[in-house]
$ cat work33.txt   # compact mmCIF, C-alpha atoms
# COMPACT_ATOMS: atom_id res chain seq x y z
CA MET F 1 53.01 186.07 71.65
CA GLY F 2 52.04 182.46 70.96
CA MET F 3 54.57 179.83 70.23
CA THR F 4 54.24 177.72 67.00
CA LEU F 5 55.78 174.39 66.09
CA ASN F 6 57.84 174.14 63.01
CA PRO F 7 56.49 171.23 60.91
CA LEU F 8 59.94 170.47 59.66
CA HIS F 9 61.26 170.36 63.20
CA LYS F 10 58.38 168.07 64.21
CA SER F 11 58.94 165.70 61.32
CA GLU F 12 62.67 165.41 62.05
CA SER F 13 61.96 164.81 65.73
CA SER F 14 59.53 162.02 64.87
CA LYS F 15 62.08 160.37 62.59
CA VAL F 16 64.69 160.46 65.29
CA SER F 17 62.22 158.96 67.83
CA TYR F 18 61.18 156.25 65.40
CA ALA F 19 64.78 155.49 64.65
CA VAL F 20 65.59 155.12 68.33
CA MET F 21 62.63 152.77 68.87
CA ASP F 22 63.60 150.64 65.92
CA GLU F 23 67.17 150.27 67.23
CA THR F 24 65.94 149.31 70.73
CA ASP F 25 63.62 146.69 69.31
CA LEU F 26 66.46 145.35 67.24
CA ILE F 27 68.73 145.08 70.28
CA ILE F 28 66.03 143.29 72.31
CA LEU F 29 65.33 140.95 69.41
CA SER F 30 69.04 140.21 69.02
CA ASP F 31 69.36 139.44 72.73
CA ASN F 32 66.43 137.03 72.56
CA ILE F 33 67.89 135.29 69.52
CA LEU F 34 71.29 135.00 71.17
CA GLU F 35 69.79 133.63 74.37
CA GLU F 36 67.73 131.09 72.44
CA LYS F 37 70.75 130.07 70.41
CA SER F 38 72.80 129.73 73.59
CA ARG F 39 70.20 127.41 75.13
CA GLU F 40 70.10 125.38 71.94
CA ILE F 41 73.90 125.06 71.87
CA ARG F 42 74.04 124.04 75.55
CA SER F 43 71.34 121.44 74.94
CA GLN F 44 73.21 120.08 71.93
CA CYS F 45 76.47 119.95 73.88
CA PHE F 46 74.77 118.04 76.70
CA LEU F 47 73.27 115.56 74.26
CA ARG F 48 76.60 115.14 72.50
CA ARG F 49 78.39 114.49 75.80
CA LYS F 50 75.73 111.98 76.78
CA VAL F 51 75.96 110.19 73.44
CA ALA F 52 79.76 110.21 73.64
CA ALA F 53 79.65 108.73 77.15
CA TRP F 54 77.37 105.92 75.98
CA ILE F 55 79.56 105.26 72.94
CA LEU F 56 82.64 105.04 75.16
CA PHE F 57 80.85 102.72 77.57
CA VAL F 58 79.62 100.41 74.81
CA PHE F 59 83.10 100.44 73.29
CA PHE F 60 84.59 99.54 76.69
CA LEU F 61 82.13 96.66 77.11
CA LYS F 62 82.86 95.34 73.64
CA ILE F 63 86.61 95.52 74.17
CA SER F 64 86.27 93.75 77.53
CA TYR F 65 83.96 91.14 76.05
CA PHE F 66 86.12 90.34 73.02
CA TYR F 67 89.24 90.33 75.18
CA CYS F 68 87.73 87.82 77.61
CA LEU F 69 86.30 85.81 74.70
CA ALA F 70 89.75 85.64 73.15
CA GLU F 71 91.27 84.60 76.47
CA GLU F 72 88.61 81.90 76.79
CA LYS F 73 89.70 80.48 73.43
CA ILE F 74 93.47 80.81 73.56
CA GLN F 75 94.36 80.66 77.25
CA PRO F 76 96.19 77.40 78.00
CA THR F 77 94.88 75.20 80.78
CA ASN F 78 98.20 74.98 82.58
CA GLY F 79 97.38 78.13 84.56
CA ARG F 80 98.21 81.60 83.35
CA SER F 81 98.20 84.50 85.83
CA PHE F 82 96.57 87.89 85.44
CA GLN F 83 96.46 90.99 87.65
CA SER F 84 92.76 91.73 87.21
CA ILE F 85 89.76 91.19 84.96
CA PHE F 86 90.32 94.31 82.87
CA THR F 87 94.12 94.72 82.97
CA SER F 88 96.39 91.79 82.47
CA VAL F 89 99.80 90.84 81.26
CA LYS F 90 100.17 87.95 78.85
CA PHE F 91 103.16 85.78 79.69
CA PRO F 92 105.07 83.81 77.06
CA GLN F 93 104.39 80.12 77.13
CA SER F 94 107.76 79.29 78.68
CA LEU F 95 107.27 81.83 81.47
CA ALA F 96 103.73 80.61 82.08
CA SER F 97 105.04 77.05 82.37
CA ARG F 98 107.72 78.09 84.86
CA LYS F 99 105.17 80.04 86.88
CA ASN F 100 102.84 77.04 86.94
CA GLU F 101 105.68 74.73 88.02
CA LYS F 102 106.54 77.11 90.86
CA GLN F 103 102.92 77.17 92.07
CA GLN F 104 102.70 73.40 91.78
CA GLY F 105 105.87 73.04 93.84
CA MET F 106 104.36 75.24 96.55
CA VAL F 107 101.25 73.08 96.67
CA GLU F 108 103.27 69.89 96.87
CA SER F 109 105.47 71.26 99.66
CA LEU F 110 102.39 72.13 101.71
CA HIS F 111 100.74 68.79 101.06
CA ASN F 112 103.54 66.25 101.49
CA GLU F 113 101.24 63.57 102.81
CA ASN F 114 99.65 63.23 99.36
CA SER F 115 102.86 63.31 97.31
CA ASN F 116 102.82 59.53 96.80
CA ASN F 117 99.25 59.42 95.50
CA GLU F 118 99.69 61.12 92.12
CA GLY F 119 98.42 58.07 90.27
CA ASN F 120 95.21 58.06 92.28
CA LYS F 121 94.75 61.81 91.72
CA ARG F 122 94.95 61.38 87.95
CA GLN F 123 92.29 58.68 88.07
CA MET F 124 89.99 60.75 90.28
CA SER F 125 87.44 62.98 88.56
CA HIS F 126 87.64 66.75 88.95
CA LEU F 127 84.46 66.87 91.01
CA ASN F 128 85.48 64.05 93.35
CA LYS F 129 88.89 65.62 93.86
CA ALA F 130 87.31 68.98 94.68
CA ALA F 131 84.93 67.31 97.14
CA LYS F 132 87.82 65.48 98.81
CA ASP F 133 90.02 68.58 99.00
CA PHE F 134 87.31 70.79 100.48
CA ALA F 135 86.14 68.07 102.87
CA ALA F 136 89.63 68.18 104.40
CA THR F 137 89.00 71.81 105.41
CA LEU F 138 85.96 71.04 107.56
CA PRO F 139 86.43 71.03 111.34
CA LYS F 140 87.29 67.68 112.93
CA ARG F 141 85.53 66.33 116.00
CA ASN F 142 87.83 68.06 118.45
CA GLU F 143 87.89 71.31 116.45
CA ASN F 144 85.35 74.00 115.80
CA ASP F 145 86.83 76.03 112.95
CA ILE F 146 88.00 75.73 109.34
CA ALA F 147 91.67 74.85 108.81
CA LEU F 148 93.28 77.65 106.81
CA GLN F 149 96.09 75.57 105.30
CA SER F 150 93.71 72.90 104.03
CA LEU F 151 91.40 75.61 102.70
CA LEU F 152 94.18 77.28 100.71
CA LEU F 153 95.30 73.93 99.30
CA ALA F 154 91.75 73.09 98.24
CA CYS F 155 91.30 76.52 96.64
CA GLN F 156 94.65 76.28 94.84
CA SER F 157 93.62 72.93 93.37
CA PHE F 158 90.20 74.34 92.49
CA VAL F 159 91.80 77.07 90.35
CA SER F 160 92.85 74.52 87.71
CA PHE F 161 89.34 73.05 87.79
CA LEU F 162 87.81 76.49 87.14
CA GLN F 163 90.24 77.14 84.30
CA LYS F 164 88.89 74.05 82.54
CA THR F 165 85.19 74.39 83.34
CA ALA F 166 84.29 78.04 84.08
CA PRO F 167 84.51 81.30 82.08
CA SER F 168 88.02 82.75 82.11
CA ALA F 169 87.03 85.90 84.03
CA VAL F 170 85.64 83.79 86.89
CA ALA F 171 88.76 81.63 87.10
CA ARG F 172 91.11 84.63 87.02
CA ASP F 173 89.16 86.45 89.70
CA PHE F 174 89.32 83.42 91.99
CA GLU F 175 93.05 83.03 91.41
CA ASN F 176 93.72 86.73 92.07
CA ASN F 177 91.94 86.55 95.42
CA LEU F 178 93.90 83.45 96.40
CA ARG F 179 97.11 85.32 95.58
CA LYS F 180 96.08 88.15 97.91
CA ILE F 181 96.03 85.70 100.82
CA GLU F 182 99.36 84.13 99.88
CA LYS F 183 100.99 87.57 99.74
CA SER F 184 99.39 88.96 102.90
CA THR F 185 101.60 90.08 105.77
CA THR F 186 99.46 88.05 108.18
CA VAL F 187 100.45 84.80 106.49
CA ALA F 188 104.08 85.87 106.74
CA LYS F 189 103.68 86.50 110.48
CA ILE F 190 101.59 83.59 111.75
CA GLY F 191 101.82 81.09 108.88
CA ARG F 192 99.09 78.90 107.41
CA LYS F 193 98.75 76.28 110.12
CA VAL F 194 96.02 78.20 111.94
CA SER F 195 92.24 78.29 111.83
CA LEU F 196 90.34 80.65 109.58
CA SER F 197 89.01 82.65 112.55
CA ALA F 198 92.49 82.93 114.07
CA PHE F 199 93.86 84.27 110.80
CA LEU F 200 91.07 86.83 110.45
CA LYS F 201 91.40 87.94 114.08
CA ALA F 202 95.17 88.35 113.72
CA GLU F 203 94.74 90.50 110.63
CA ARG F 204 91.99 92.54 112.28
CA ASP F 205 94.16 93.13 115.35
CA SER F 206 97.00 94.34 113.12
CA GLU F 207 94.79 97.38 112.45
CA ILE F 208 95.17 97.33 108.69
CA HIS F 209 91.36 97.40 108.39
CA SER F 210 89.39 100.48 109.37
CA ARG F 211 86.19 100.74 111.36
CA ARG F 212 83.73 103.59 111.71
CA HIS F 213 81.55 103.78 114.80
CA SER F 214 79.70 100.49 115.37
CA ARG F 215 79.67 99.33 111.75
CA SER F 216 81.58 96.32 110.45
CA TYR F 217 85.21 96.69 109.47
CA THR F 218 86.06 98.13 106.08
CA LEU F 219 88.54 95.65 104.65
CA ARG F 220 91.69 96.86 103.03
CA ASP F 221 92.32 95.70 99.48
CA PRO F 222 94.59 93.88 98.93
CA SER F 223 94.65 91.87 102.13
CA GLY F 224 94.17 88.29 103.26
CA ALA F 225 90.69 89.01 104.61
CA VAL F 226 89.40 90.59 101.42
CA GLY F 227 90.82 87.68 99.40
CA LEU F 228 89.04 85.17 101.64
CA LEU F 229 85.81 87.18 101.46
CA TRP F 230 85.68 87.19 97.66
CA MET F 231 86.84 83.59 97.32
CA ARG F 232 83.92 82.57 99.52
CA ARG F 233 81.52 84.56 97.33
CA SER F 234 82.98 82.94 94.22
CA LEU F 235 82.49 79.46 95.69
CA ALA F 236 78.92 80.37 96.64
CA PHE F 237 78.43 81.51 93.03
CA GLN F 238 79.69 78.16 91.71
CA SER F 239 77.55 76.31 94.25
CA ASP F 240 74.41 78.08 93.05
CA ILE F 241 75.26 77.33 89.40
CA TYR F 242 75.61 73.62 90.14
CA GLN F 243 72.38 73.58 92.12
CA HIS F 244 70.49 75.22 89.24
CA LEU F 245 71.97 72.68 86.82
CA LEU F 246 70.84 69.86 89.09
CA ASP F 247 67.37 71.42 89.06
CA GLY F 248 67.32 71.29 85.26
CA SER F 249 68.13 74.93 84.36
CA SER F 250 70.07 75.94 81.28
CA PRO F 251 73.69 77.08 81.79
CA LYS F 252 72.84 80.70 80.94
CA HIS F 253 69.92 80.83 83.36
CA ALA F 254 71.95 79.04 86.03
CA ALA F 255 74.86 81.49 85.73
CA LEU F 256 72.72 84.64 85.66
CA SER F 257 70.56 83.48 88.57
CA ALA F 258 73.63 82.57 90.64
CA TYR F 259 75.27 85.88 89.79
CA ALA F 260 72.17 87.88 90.79
CA ARG F 261 72.10 86.16 94.18
CA GLN F 262 75.76 85.81 95.14
CA LEU F 263 77.80 88.53 93.38
CA GLU F 264 75.59 91.26 91.94
CA PRO F 265 74.73 92.81 95.36
CA TYR F 266 78.42 93.63 95.81
CA HIS F 267 79.17 94.87 92.28
CA GLY F 268 78.88 98.43 91.03
CA TRP F 269 77.08 99.41 87.86
CA SER F 270 79.97 98.82 85.44
CA LEU F 271 80.84 95.37 86.85
CA ARG F 272 77.18 94.34 86.81
CA LYS F 273 76.92 95.26 83.13
CA PHE F 274 80.17 93.49 82.31
CA TYR F 275 79.34 90.23 84.11
CA THR F 276 75.77 90.15 82.80
CA LEU F 277 77.01 90.50 79.21
CA PHE F 278 79.90 88.10 79.73
CA LEU F 279 77.85 85.33 81.36
CA SER F 280 75.05 85.75 78.81
CA THR F 281 77.41 85.05 75.92
CA ASN F 282 80.08 82.71 77.32
CA MET F 283 78.15 79.87 78.92
CA PRO F 284 77.68 76.54 77.07
CA SER F 285 74.57 76.45 74.92
CA THR F 286 72.97 73.35 76.49
CA ARG F 287 72.80 71.75 79.91
CA ASP F 288 74.37 68.51 78.68
CA SER F 289 77.31 70.33 77.10
CA MET F 290 78.06 72.05 80.41
CA LEU F 291 77.69 68.80 82.37
CA GLU F 292 80.10 67.22 79.89
CA LYS F 293 82.56 70.06 80.47
CA ILE F 294 82.29 69.81 84.25
CA GLY F 295 82.48 66.02 84.20
CA GLY F 296 85.66 66.00 82.14
CA GLY F 297 84.17 64.24 79.16
CA ILE F 298 85.35 66.68 76.49
CA HIS F 299 87.82 64.25 74.94
CA HIS F 300 85.82 61.10 75.70
CA GLU F 301 82.35 59.89 74.95
CA PHE F 302 79.87 61.42 77.38
CA THR F 303 77.60 58.44 77.91
CA PRO F 304 74.36 58.47 79.92
CA GLN F 305 76.24 56.65 82.69
CA LYS F 306 78.91 59.37 82.73
CA ARG F 307 76.20 62.03 82.81
CA GLN F 308 74.53 60.39 85.82
CA GLN F 309 77.90 60.05 87.52
CA THR F 310 78.60 63.76 86.99
CA LEU F 311 75.25 64.72 88.53
CA SER F 312 75.93 62.46 91.51
CA GLU F 313 79.40 63.94 92.02
CA MET F 314 78.00 67.46 91.83
CA LYS F 315 75.57 66.61 94.63
CA SER F 316 78.42 65.27 96.73
CA LEU F 317 80.44 68.44 96.21
CA LEU F 318 77.47 70.62 97.18
CA LYS F 319 77.06 68.64 100.40
CA VAL F 320 80.65 69.51 101.30
CA TRP F 321 80.35 73.15 100.26
CA GLU F 322 77.18 73.81 102.27
CA PRO F 323 78.69 73.52 105.79
CA LEU F 324 81.98 75.00 104.58
CA LEU F 325 80.37 78.17 103.24
CA LYS F 326 78.19 78.43 106.33
CA GLY F 327 81.19 78.26 108.68
CA TRP F 328 83.21 80.56 106.41
CA THR F 329 80.47 83.20 106.55
CA GLN F 330 80.02 82.79 110.29
CA ALA F 331 83.71 83.50 110.92
CA PHE F 332 83.44 86.85 109.11
CA VAL F 333 80.16 87.82 110.78
CA GLU F 334 81.34 87.01 114.30
CA LEU F 335 84.46 89.14 113.82
CA GLU F 336 82.40 91.91 112.20
CA MET F 337 84.44 91.69 109.01
CA GLU F 338 81.61 91.03 106.55
CA ASP F 339 82.33 94.00 104.29
CA SER F 340 79.30 94.51 102.05
CA ARG F 341 80.54 97.50 100.07
CA LYS F 342 80.15 97.53 96.30
CA VAL F 343 83.20 97.38 94.05
$ encode --input "work33.txt" --output "structure tokens"
Amino acid sequence: MGMTLNPLHKSESSKVSYAVMDETDLIILSDNILEEKSREIRSQCFLRRKVAAWILFVFFLKISYFYCLAEEKIQPTNGRSFQSIFTSVKFPQSLASRKNEKQQGMVESLHNENSNNEGNKRQMSHLNKAAKDFAATLPKRNENDIALQSLLLACQSFVSFLQKTAPSAVARDFENNLRKIEKSTTVAKIGRKVSLSAFLKAERDSEIHSRRHSRSYTLRDPSGAVGLLWMRRSLAFQSDIYQHLLDGSSPKHAALSAYARQLEPYHGWSLRKFYTLFLSTNMPSTRDSMLEKIGGGIHHEFTPQKRQQTLSEMKSLLKVWEPLLKGWTQAFVELEMEDSRKV
């Protein structure tokens, strides 16, 4: 007896099969849509995070720039202290004056032999005074190393010069590094009446700096050695600026070229961006205006004779700085303390 299919049964079976296929297709389609939407959302989130990071960075640069610009305009020239470039504490004028008097007293106590020559110091130009102070640090005939005490005195005096002639961030950075030396434990132990190499060797032997394998020492920050290292780089930066000005460059070009050679190799990405922006917008507009600022002619007529005198004094200062920076670098290299890490 043959078996027959019921048409009704067949039709219902087909409907059920079609219904199942339609539901499967719908599920697959939904999964594809959800996956595509998920990728789109992840992509949008990534772009939003990237945009937010750039906005925060630009905001940080603008805040830093306007802060330093404000400090450049309102900071008094009697010497105000700051902890770093980005974080600082503003002292009231009375406290700043007392702090400056205390620092001045320290300088005078270390340099008693010049205490009776205040009248001559006031008559001496900033550049000539800097040349004289730094010349006193150079080794004498019977010596072969830089005198640390004379070097610190010259750098302390140079801080006030930078506060009047250089961007505020540069002056504060130099002063902060000088303070690291003054506060170092090595100075407390052996004093200042030693050579630069003797000071560095004593601090190295105290084992506060680390060393890995045969590489140079990694300097601890803060320490006397790291302060001396960055003060030397700052002086080399100033030296390059003056040389570019003597060669006829504009202040902006001089500052950026000097920065690229002397400081940029040791700065991380954020500091490079900050200094490039800061130096591009805070240098005097013309070469003569910067020479006038360096030569101390802001409140007096800057005559052609004064301009020529300023150029001559800059050359004299560079002649003193050249052997000083060379010996300064040699002391670090010989003791394997030339830390070239980026900050």
$ residues_around --input "work33.txt" --residues "Ala171 (chain F)" --least-positions-apart "5" --cutoff "9 Å" --atoms "all atoms listed in the file" --output "list in words"
Val159, Ser160, Phe161, Leu162, Gln163, Lys164, Thr165, Ala166 and Asn176 of chain F
$ atom_distance --input "work33.txt" --atom1 "CA of Gly296 (chain F)" --atom2 "CA of Thr310 (chain F)"
8.9 Å
$ atom_distance --input "work33.txt" --atom1 "CA of Ile190 (chain F)" --atom2 "CA of Lys132 (chain F)"
26.2 Å
$ atom_distance --input "work33.txt" --atom1 "CA of Gly295 (chain F)" --atom2 "CA of Leu317 (chain F)"
12.4 Å
$ closest_residue --input "work33.txt" --among "F:Pro167, F:Arg48, F:Ala188, F:Ser210" --to "Ala255 (chain F)" --atoms "all atoms listed in the file"
F:Pro167
$ residues_around --input "work33.txt" --residues "Ser206 (chain F)" --least-positions-apart "5" --cutoff "10 Å" --atoms "all atoms listed in the file" --output "list in words"
Thr185, Thr186, Leu200 and Lys201 of chain F
